[in-house]
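Below: entry.csv (CSV, C-alpha atoms)
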chain,number,residue,atom,x,y,z
T,1,MET,CA,14.1,-9.4,-10.6
T,2,LYS,CA,11.5,-10.6,-13.1
T,3,LEU,CA,7.9,-11.3,-12.2
T,4,LEU,CA,5.1,-12.7,-14.4
T,5,SER,CA,1.4,-12.5,-13.6
T,6,TRP,CA,-1.2,-14.6,-15.5
T,7,ASN,CA,-4.8,-15.6,-15.1
T,8,ILE,CA,-4.5,-19.1,-16.5
T,9,GLN,CA,-8.2,-20.0,-16.4
T,10,TRP,CA,-7.3,-23.3,-14.7
T,11,GLY,CA,-5.2,-24.1,-17.7
T,12,ARG,CA,-8.1,-23.9,-20.2
T,13,GLY,CA,-7.0,-22.5,-23.5
T,14,MET,CA,-9.0,-20.8,-26.3
T,15,ASP,CA,-9.4,-24.3,-27.8
T,16,GLY,CA,-11.4,-25.4,-24.8
T,17,ARG,CA,-8.7,-27.9,-23.6
T,18,VAL,CA,-7.1,-27.8,-20.1
T,19,ASP,CA,-3.4,-28.2,-20.7
T,20,LEU,CA,-1.1,-27.2,-17.9
T,21,ALA,CA,2.0,-28.4,-19.9
T,22,ARG,CA,1.1,-25.7,-22.4
T,23,ILE,CA,0.9,-23.1,-19.7
T,24,LEU,CA,4.4,-24.1,-18.5
T,25,ARG,CA,5.8,-24.1,-22.0
T,26,THR,CA,4.4,-20.6,-22.6
T,27,ILE,CA,6.0,-19.3,-19.3
T,28,ARG,CA,9.4,-20.8,-20.2
T,29,GLN,CA,9.2,-19.3,-23.7
T,30,LEU,CA,8.4,-15.9,-22.3
T,31,GLY,CA,11.5,-15.7,-20.1
T,32,ASP,CA,13.3,-16.7,-16.9
T,33,PHE,CA,11.2,-15.4,-14.1
T,34,ASP,CA,12.1,-15.2,-10.4
T,35,VAL,CA,8.4,-15.0,-9.3
T,36,ILE,CA,5.4,-16.3,-11.1
T,37,CYS,CA,1.9,-15.3,-9.9
T,38,LEU,CA,-1.0,-17.3,-11.3
T,39,GLN,CA,-4.7,-16.7,-10.9
T,40,GLU,CA,-7.6,-19.3,-11.3
T,41,VAL,CA,-5.6,-22.3,-10.1
T,42,ALA,CA,-7.7,-25.3,-9.1
T,43,ILE,CA,-7.4,-28.4,-7.0
T,44,ASP,CA,-9.9,-31.3,-7.4
T,45,PHE,CA,-12.5,-29.1,-9.2
T,46,PRO,CA,-13.9,-31.4,-12.0
T,47,GLY,CA,-17.0,-29.1,-12.3
T,48,LEU,CA,-14.9,-26.6,-14.1
T,49,PRO,CA,-15.2,-26.9,-17.9
T,50,ALA,CA,-12.8,-29.5,-19.4
T,51,SER,CA,-11.2,-30.1,-16.0
T,52,ARG,CA,-10.4,-33.6,-14.9
T,53,GLY,CA,-10.1,-32.5,-11.2
T,54,GLU,CA,-6.4,-32.1,-11.4
T,55,ASP,CA,-4.3,-31.0,-8.4
T,56,GLN,CA,-3.0,-28.0,-10.4
T,57,VAL,CA,-0.7,-26.8,-7.6
T,58,ALA,CA,1.1,-30.1,-7.6
T,59,GLU,CA,1.3,-30.3,-11.4
T,60,LEU,CA,2.6,-26.8,-11.8
T,61,SER,CA,5.1,-27.3,-8.9
T,62,ALA,CA,6.4,-30.4,-10.7
T,63,GLY,CA,6.9,-28.3,-13.8
T,64,LEU,CA,8.7,-25.5,-11.9
T,65,PRO,CA,11.6,-27.2,-10.0
T,66,GLY,CA,13.4,-24.9,-7.8
T,67,TYR,CA,10.3,-22.7,-7.0
T,68,ALA,CA,8.5,-22.6,-3.7
T,69,ALA,CA,4.7,-22.7,-4.1
T,70,VAL,CA,2.4,-20.6,-2.1
T,71,TYR,CA,-1.3,-21.3,-2.7
T,72,GLY,CA,-4.3,-19.4,-1.4
T,73,ALA,CA,-7.7,-20.9,-1.9
T,74,ALA,CA,-10.6,-18.4,-2.3
T,75,THR,CA,-13.2,-21.1,-2.7
T,76,ASP,CA,-12.8,-24.2,-0.5
T,77,VAL,CA,-15.8,-26.5,-0.7
T,78,PRO,CA,-16.5,-30.3,-0.4
T,79,GLY,CA,-15.0,-32.1,-3.3
T,80,SER,CA,-15.1,-35.6,-4.7
T,81,HIS,CA,-14.1,-38.7,-2.8
T,82,GLY,CA,-14.3,-36.9,0.6
T,83,GLY,CA,-11.6,-34.3,-0.4
T,84,ARG,CA,-11.9,-30.5,-0.9
T,85,SER,CA,-12.4,-28.6,-4.1
T,86,GLN,CA,-10.3,-25.4,-4.1
T,87,PHE,CA,-10.0,-22.5,-6.4
T,88,GLY,CA,-7.6,-19.6,-5.9
T,89,ASN,CA,-4.3,-17.9,-6.7
T,90,ALA,CA,-0.7,-19.1,-6.5
T,91,ILE,CA,2.8,-17.6,-6.1
T,92,PHE,CA,5.8,-19.6,-7.3
T,93,SER,CA,9.1,-18.1,-6.2
T,94,ARG,CA,12.7,-19.2,-6.6
T,95,LEU,CA,13.6,-16.3,-4.4
T,96,PRO,CA,13.8,-16.9,-0.6
T,97,VAL,CA,10.2,-16.7,0.8
T,98,GLY,CA,9.6,-15.2,4.3
T,99,GLN,CA,6.2,-14.9,5.9
T,100,VAL,CA,3.1,-15.6,3.9
T,101,TRP,CA,-0.5,-14.4,4.3
T,102,ARG,CA,-3.7,-15.5,2.7
T,103,HIS,CA,-6.3,-12.7,3.1
T,104,LEU,CA,-9.9,-13.5,2.2
T,105,LEU,CA,-11.4,-10.3,0.7
T,106,PRO,CA,-14.8,-8.8,1.5
T,107,TRP,CA,-17.8,-10.5,-0.2
T,108,PRO,CA,-20.7,-8.1,0.3
T,109,VAL,CA,-24.1,-9.7,-0.4
T,110,GLU,CA,-25.3,-9.2,-4.0
T,111,THR,CA,-28.7,-10.8,-4.9
T,112,ALA,CA,-28.9,-9.8,-8.5
T,113,VAL,CA,-25.6,-11.0,-9.9
T,114,PRO,CA,-23.3,-14.0,-9.5
T,115,SER,CA,-20.2,-13.6,-7.3
T,116,MET,CA,-17.7,-15.7,-5.5
T,117,GLN,CA,-15.2,-15.4,-2.6
T,118,ARG,CA,-11.9,-13.7,-3.6
T,119,VAL,CA,-8.5,-13.9,-2.0
T,120,LEU,CA,-5.3,-11.8,-1.8
T,121,VAL,CA,-2.1,-14.0,-1.5
T,122,GLU,CA,0.9,-12.2,0.0
T,123,ALA,CA,4.4,-13.4,0.4
T,124,VAL,CA,7.6,-11.6,1.4
T,125,VAL,CA,10.5,-12.4,-0.9
T,126,THR,CA,14.2,-11.3,-0.8
T,127,SER,CA,15.2,-10.1,-4.2
T,128,ASP,CA,18.3,-8.4,-5.7
T,129,VAL,CA,16.4,-5.1,-5.3
T,130,GLY,CA,15.8,-5.7,-1.7
T,131,PRO,CA,13.0,-7.4,0.4
T,132,LEU,CA,9.5,-6.8,-0.9
T,133,ARG,CA,6.0,-8.1,-0.6
T,134,VAL,CA,4.4,-9.8,-3.6
T,135,LEU,CA,0.6,-9.6,-3.6
T,136,THR,CA,-1.6,-11.3,-6.2
T,137,THR,CA,-5.4,-11.3,-6.5
T,138,HIS,CA,-8.4,-11.8,-8.7
T,139,LEU,CA,-11.1,-9.3,-8.1
T,140,GLU,CA,-14.8,-9.8,-8.6
T,141,TYR,CA,-16.0,-9.6,-12.2
T,142,TYR,CA,-19.8,-9.1,-12.0
T,143,SER,CA,-20.1,-6.5,-9.1
T,144,GLN,CA,-18.4,-3.1,-9.0
T,145,ARG,CA,-19.6,-2.7,-5.4
T,146,GLN,CA,-17.7,-5.9,-4.4
T,147,ARG,CA,-14.6,-4.8,-6.3
T,148,GLN,CA,-14.6,-1.5,-4.5
T,149,ALA,CA,-14.9,-3.2,-1.2
T,150,GLN,CA,-12.1,-5.6,-2.1
T,151,ILE,CA,-9.8,-2.7,-3.1
T,152,ASP,CA,-10.6,-0.9,0.1
T,153,ALA,CA,-9.5,-4.1,2.0
T,154,ILE,CA,-6.3,-4.3,-0.1
T,155,ARG,CA,-5.4,-0.7,0.6
T,156,HIS,CA,-6.1,-1.2,4.3
T,157,LEU,CA,-3.9,-4.3,4.4
T,158,HIS,CA,-1.1,-2.4,2.6
T,159,ALA,CA,-1.3,0.5,5.0
T,160,GLU,CA,-1.2,-1.9,7.9
T,161,ALA,CA,1.8,-3.7,6.5
T,162,CYS,CA,3.7,-0.4,6.1
T,163,ALA,CA,2.9,0.5,9.7
T,164,LEU,CA,4.2,-2.9,10.8
T,165,SER,CA,7.4,-2.6,8.7
T,166,GLY,CA,8.9,-0.1,11.2
T,167,ARG,CA,7.9,-2.1,14.3
T,168,ALA,CA,10.8,-3.4,16.5
T,169,PRO,CA,10.3,-7.0,17.6
T,170,MET,CA,10.1,-7.6,21.4
T,171,PRO,CA,12.4,-10.2,23.1
T,172,ALA,CA,9.3,-12.0,24.4
T,173,GLU,CA,8.2,-12.7,20.8
T,174,ALA,CA,11.4,-14.6,19.7
T,175,GLY,CA,11.3,-18.2,18.8
T,176,GLY,CA,7.5,-18.9,19.0
T,177,SER,CA,4.3,-18.2,17.2
T,178,PHE,CA,4.5,-14.5,18.2
T,179,GLU,CA,7.8,-14.0,16.4
T,180,VAL,CA,7.7,-11.0,14.1
T,181,PHE,CA,9.2,-11.6,10.7
T,182,PRO,CA,10.1,-8.8,8.3
T,183,ARG,CA,7.1,-7.3,6.4
T,184,PRO,CA,8.6,-4.6,4.2
T,185,ALA,CA,6.8,-1.5,3.1
T,186,GLN,CA,7.7,-1.9,-0.6
T,187,ALA,CA,5.2,-4.0,-2.4
T,188,LEU,CA,4.2,-5.3,-5.9
T,189,LEU,CA,0.4,-6.0,-6.4
T,190,CYS,CA,-0.6,-7.9,-9.5
T,191,GLY,CA,-3.4,-10.0,-11.0
T,192,ASP,CA,-6.6,-10.0,-12.8
T,193,MET,CA,-8.4,-6.9,-11.5
T,194,ASN,CA,-11.5,-7.4,-13.7
T,195,PHE,CA,-11.9,-3.8,-14.6
T,196,PRO,CA,-10.6,-1.8,-17.6
T,197,ALA,CA,-7.8,0.7,-17.3
T,198,THR,CA,-10.4,3.6,-17.7
T,199,ALA,CA,-12.5,2.4,-14.7
T,200,PRO,CA,-12.7,4.3,-11.4
T,201,GLU,CA,-11.3,1.3,-9.6
T,202,ARG,CA,-7.9,1.8,-11.1
T,203,ALA,CA,-7.8,5.4,-9.7
T,204,HIS,CA,-9.0,4.0,-6.4
T,205,ILE,CA,-5.9,1.7,-6.2
T,206,LEU,CA,-3.6,4.5,-7.2
T,207,ALA,CA,-5.0,7.1,-4.8
T,208,PRO,CA,-2.5,8.5,-2.3
T,209,PHE,CA,-2.3,7.2,1.2
T,210,ALA,CA,-2.1,9.2,4.4
T,211,GLU,CA,0.8,9.5,6.8
T,212,GLY,CA,3.6,8.6,4.5
T,213,THR,CA,2.4,5.2,3.4
T,214,PRO,CA,3.9,4.6,-0.1
T,215,GLY,CA,1.3,4.6,-2.8
T,216,PHE,CA,1.0,2.4,-5.8
T,217,HIS,CA,2.0,3.2,-9.4
T,218,ASP,CA,0.7,1.4,-12.5
T,219,ALA,CA,3.7,-0.3,-14.2
T,220,TRP,CA,2.4,0.4,-17.7
T,221,SER,CA,1.9,4.1,-17.0
T,222,VAL,CA,5.4,4.4,-15.4
T,223,LEU,CA,7.0,3.3,-18.7
T,224,HIS,CA,4.3,4.6,-21.1
T,225,PRO,CA,3.0,7.8,-19.6
T,226,GLY,CA,-0.1,9.1,-21.3
T,227,GLU,CA,-0.5,6.0,-23.5
T,228,THR,CA,-3.5,3.8,-23.7
T,229,HIS,CA,-3.0,0.5,-21.9
T,230,ALA,CA,-2.2,-2.4,-24.2
T,231,PRO,CA,-5.0,-5.0,-23.9
T,232,THR,CA,-4.7,-8.2,-21.9
T,233,VAL,CA,-8.2,-9.7,-22.7
T,234,GLY,CA,-10.3,-9.7,-25.8
T,235,ILE,CA,-7.3,-9.9,-28.2
T,236,HIS,CA,-8.7,-13.4,-29.0
T,237,PRO,CA,-12.6,-13.5,-28.9
T,238,VAL,CA,-14.1,-14.0,-25.5
T,239,ASP,CA,-17.6,-13.5,-24.2
T,240,PHE,CA,-16.9,-11.2,-21.2
T,241,VAL,CA,-15.6,-8.1,-23.0
T,242,LYS,CA,-17.0,-6.4,-26.1
T,243,GLN,CA,-13.6,-5.1,-27.2
T,244,PRO,CA,-10.0,-5.7,-26.2
T,245,GLU,CA,-9.3,-4.3,-22.8
T,246,CYS,CA,-6.6,-4.3,-20.1
T,247,PHE,CA,-7.8,-6.2,-17.1
T,248,ASP,CA,-4.4,-7.5,-15.9
T,249,PHE,CA,-2.2,-5.1,-14.1
T,250,VAL,CA,1.1,-4.8,-12.1
T,251,PHE,CA,1.1,-2.0,-9.5
T,252,LEU,CA,4.3,-1.1,-7.6
T,253,THR,CA,5.1,1.1,-4.7
T,254,GLU,CA,7.2,4.2,-5.2
T,255,GLY,CA,10.5,2.6,-4.2
T,256,LEU,CA,10.0,-0.2,-6.8
T,257,ALA,CA,8.6,2.0,-9.5
T,258,VAL,CA,11.9,3.9,-9.9
T,259,ARG,CA,13.6,0.5,-10.5
T,260,LEU,CA,11.1,-0.6,-13.2
T,261,LYS,CA,13.1,-1.5,-16.3
T,262,ALA,CA,10.5,-3.3,-18.5
T,263,HIS,CA,6.9,-4.2,-18.8
T,264,GLY,CA,5.7,-6.8,-21.3
T,265,ILE,CA,2.4,-8.4,-22.5
T,266,ASP,CA,2.3,-11.6,-24.6
T,267,ALA,CA,-0.5,-10.9,-27.0
T,268,ALA,CA,0.1,-14.1,-29.1
T,269,THR,CA,-0.6,-17.0,-26.7
T,270,GLU,CA,-4.1,-18.7,-26.7
T,271,ALA,CA,-3.3,-20.9,-23.7
T,272,SER,CA,-5.8,-19.0,-21.6
T,273,ASP,CA,-8.5,-16.3,-22.1
T,274,HIS,CA,-6.1,-13.8,-20.6
T,275,GLN,CA,-2.6,-12.8,-21.7
T,276,PRO,CA,0.4,-13.0,-19.5
T,277,VAL,CA,2.0,-9.8,-18.3
T,278,TRP,CA,5.5,-9.3,-16.7
T,279,VAL,CA,7.8,-6.7,-15.3
T,280,GLU,CA,11.5,-6.5,-14.7
T,281,LEU,CA,13.1,-4.5,-11.9
T,282,GLY,CA,16.7,-3.6,-11.7

Spit out the file's structure as structure tokens when you get a sec.
Amino acid sequence: MKLLSWNIQWGRGMDGRVDLARILRTIRQLGDFDVICLQEVAIDFPGLPASRGEDQVAELSAGLPGYAAVYGAATDVPGSHGGRSQFGNAIFSRLPVGQVWRHLLPWPVETAVPSMQRVLVEAVVTSDVGPLRVLTTHLEYYSQRQRQAQIDAIRHLHAEACALSGRAPMPAEAGGSFEVFPRPAQALLCGDMNFPATAPERAHILAPFAEGTPGFHDAWSVLHPGETHAPTVGIHPVDFVKQPECFDFVFLTEGLAVRLKAHGIDAATEASDHQPVWVELG
């Protein structure tokens, strides 16, 4: 199984142009992926710099035939012509997709800094390494307090999913809205975490769980123990970091970490202000 994660900045490259065809070309050049997780995907949001208000889920879906699209809007506000402007994360999967969840993450009030609603998109997929949950998110940039609250929520949701993974369905639940679908304990969490690898938030994500819940491992550190993370932002000049840093991570539960074969970062592309990262499990 190969998975790519990329904050595409609504398709806006370092040249200031929004070009989703360029995003798709870059993905195809990087490899043949089973699951593609994208952050900062917009629908009818002409207020974003250089955007024409594209339906980016539709455009990306058209360029990814054979993939099922799962979109989770974090921001959902009145848009142009009576529609809705949406901004969030998307999972594109050519693997069978089971149940899907769209979890709005905590948004504690901050009066001194900008902030926005954030979302965790979760989908169960059936892969050649077994069923697993794919989770992708984009944490708050300006507020460490909000990031900590969002990580707390993600950890709670993971522990809850693991507890539910062993639950036997009841006959009365079959065939209706109460029907219980598989929600495996093994999970892969990826996205733009908006903190550097040295930040305490990373240790927070990696902290052990109680009562046998499988914890997360950092894919980079699994394959490169003791080595400084390769950067995913600031390789090309940006205004939100002073030096190149790793903001984009893939975390895997223990049962998947032992299957990790490769971890890659494309440092060359300038199709976004973040670099794509990917993993391969076998």

Provide the atom CA of Tyr71 of chain T to atom CA of Leu139 of chain T distance in Å, to one decimal place.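 Distance between the two atoms: 16.4 Å.
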
Pro169 of chain T environment, 12 Å, only C-alpha atoms, sequence neighbours closer than 4 positions dropped, as an MDAnalysis selection string: chainID T and resid 164:165 173:175 178:183

Separation of atom CA of Cys190 of chain T from atom CA of Pro231 of chain T in Å: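 Straight-line distance from atom CA of Pro231 of chain T to atom CA of Cys190 of chain T works out to 15.3 Å.
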
Calculated over all atoms listed in the file, which of the candidates T:Gln86, T:Gln146, T:Gln9, T:Gln186 has the smallest distance to Val129 of chain T? T:Gln186

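Compared by their closest atoms to Glu110 of chain T, and using all atoms listed in the file, the residues T:Tyr142, T:Phe209, T:Phe216, T:Phe240 rank with T:Tyr142 nearest.
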
Please provide as an MDAnalysis selection string all residues within 12 Å of Leu48 of chain T, with the sequence filter that same-chain residues fewer than 4 positions apart are discarded (counting all atoms listed in the file). chainID T and resid 9:12 16:18 40:44 52:54 85:87

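Using all atoms listed in the file, the smallest distance between any of T:Asp76, T:Arg94, T:Val233, T:Pro184 and Ala163 of chain T comes from T:Pro184.
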
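The space between atom CA of Gln39 of chain T and atom CA of Gln99 of chain T spans 20.1 Å.
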
Calculated over all atoms listed in the file, which of the candidates T:Ile205, T:Met1, T:Leu157, T:Met170 has the smallest distance to Leu105 of chain T? T:Leu157

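Near Thr136 of chain T, within a cut-off of 7 Å and counting all atoms listed in the file, sit the residues Cys37, Leu120, Val121, Glu122, Leu189, Cys190 and Gly191 of chain T, with same-chain residues fewer than 5 positions away left out.
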
Prev. selection, C-alpha atoms, output as an mmCIF file, keeping the file's coordinate frame:
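Result file is out27.cif:
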data_model
loop_
_atom_site.group_PDB
_atom_site.id
_atom_site.type_symbol
_atom_site.label_atom_id
_atom_site.label_comp_id
_atom_site.auth_asym_id
_atom_site.auth_seq_id
_atom_site.Cartn_x
_atom_site.Cartn_y
_atom_site.Cartn_z
ATOM 1 C CA CYS T 37 1.900 -15.300 -9.900
ATOM 2 C CA LEU T 120 -5.300 -11.800 -1.800
ATOM 3 C CA VAL T 121 -2.100 -14.000 -1.500
ATOM 4 C CA GLU T 122 0.900 -12.200 0.000
ATOM 5 C CA LEU T 189 0.400 -6.000 -6.400
ATOM 6 C CA CYS T 190 -0.600 -7.900 -9.500
ATOM 7 C CA GLY T 191 -3.400 -10.000 -11.000
#

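The closest residue to Ser115 of chain T, picked from T:Ile235, T:Phe92, T:Ala74, T:Pro214 and counting all atoms listed in the file, is T:Ala74.
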
Min atom-atom distance to Val119 of chain T from the set T:Met193, T:Ala268, T:Ala172, T:Ala62, counting all atoms listed in the file, belongs to T:Met193

Using only C-alpha atoms, collect all residues at a distance of at most 12 Å from (-23.3, -1.4, -6.0) as written in the file, then present them as a short mmCIF file (atom, residue, chain, number, x, y, z; two decimals) with C-alpha atoms, keeping the file's coordinate frame.
data_model
loop_
_atom_site.label_atom_id
_atom_site.label_comp_id
_atom_site.auth_asym_id
_atom_site.auth_seq_id
_atom_site.Cartn_x
_atom_site.Cartn_y
_atom_site.Cartn_z
CA PRO T 108 -20.70 -8.10 0.30
CA VAL T 109 -24.10 -9.70 -0.40
CA GLU T 110 -25.30 -9.20 -4.00
CA THR T 111 -28.70 -10.80 -4.90
CA ALA T 112 -28.90 -9.80 -8.50
CA VAL T 113 -25.60 -11.00 -9.90
CA TYR T 142 -19.80 -9.10 -12.00
CA SER T 143 -20.10 -6.50 -9.10
CA GLN T 144 -18.40 -3.10 -9.00
CA ARG T 145 -19.60 -2.70 -5.40
CA GLN T 146 -17.70 -5.90 -4.40
CA ARG T 147 -14.60 -4.80 -6.30
CA GLN T 148 -14.60 -1.50 -4.50
CA ALA T 149 -14.90 -3.20 -1.20
#

Tell me, as a compact mmCIF listing (two decimals) with C-alpha atoms, in the frame of the given file, which residues lie within 8 Å of Asp273 of chain T, counting all atoms listed in the file; anything in the same chain fewer than 4 positions away does not count.
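Contents of result-v5.txt, freshly written:
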# COMPACT_ATOMS: atom_id res chain seq x y z
CA ASN T 7 -4.80 -15.60 -15.10
CA ILE T 8 -4.50 -19.10 -16.50
CA GLN T 9 -8.20 -20.00 -16.40
CA ARG T 12 -8.10 -23.90 -20.20
CA GLY T 13 -7.00 -22.50 -23.50
CA MET T 14 -9.00 -20.80 -26.30
CA VAL T 233 -8.20 -9.70 -22.70
CA GLY T 234 -10.30 -9.70 -25.80
CA HIS T 236 -8.70 -13.40 -29.00
CA VAL T 238 -14.10 -14.00 -25.50
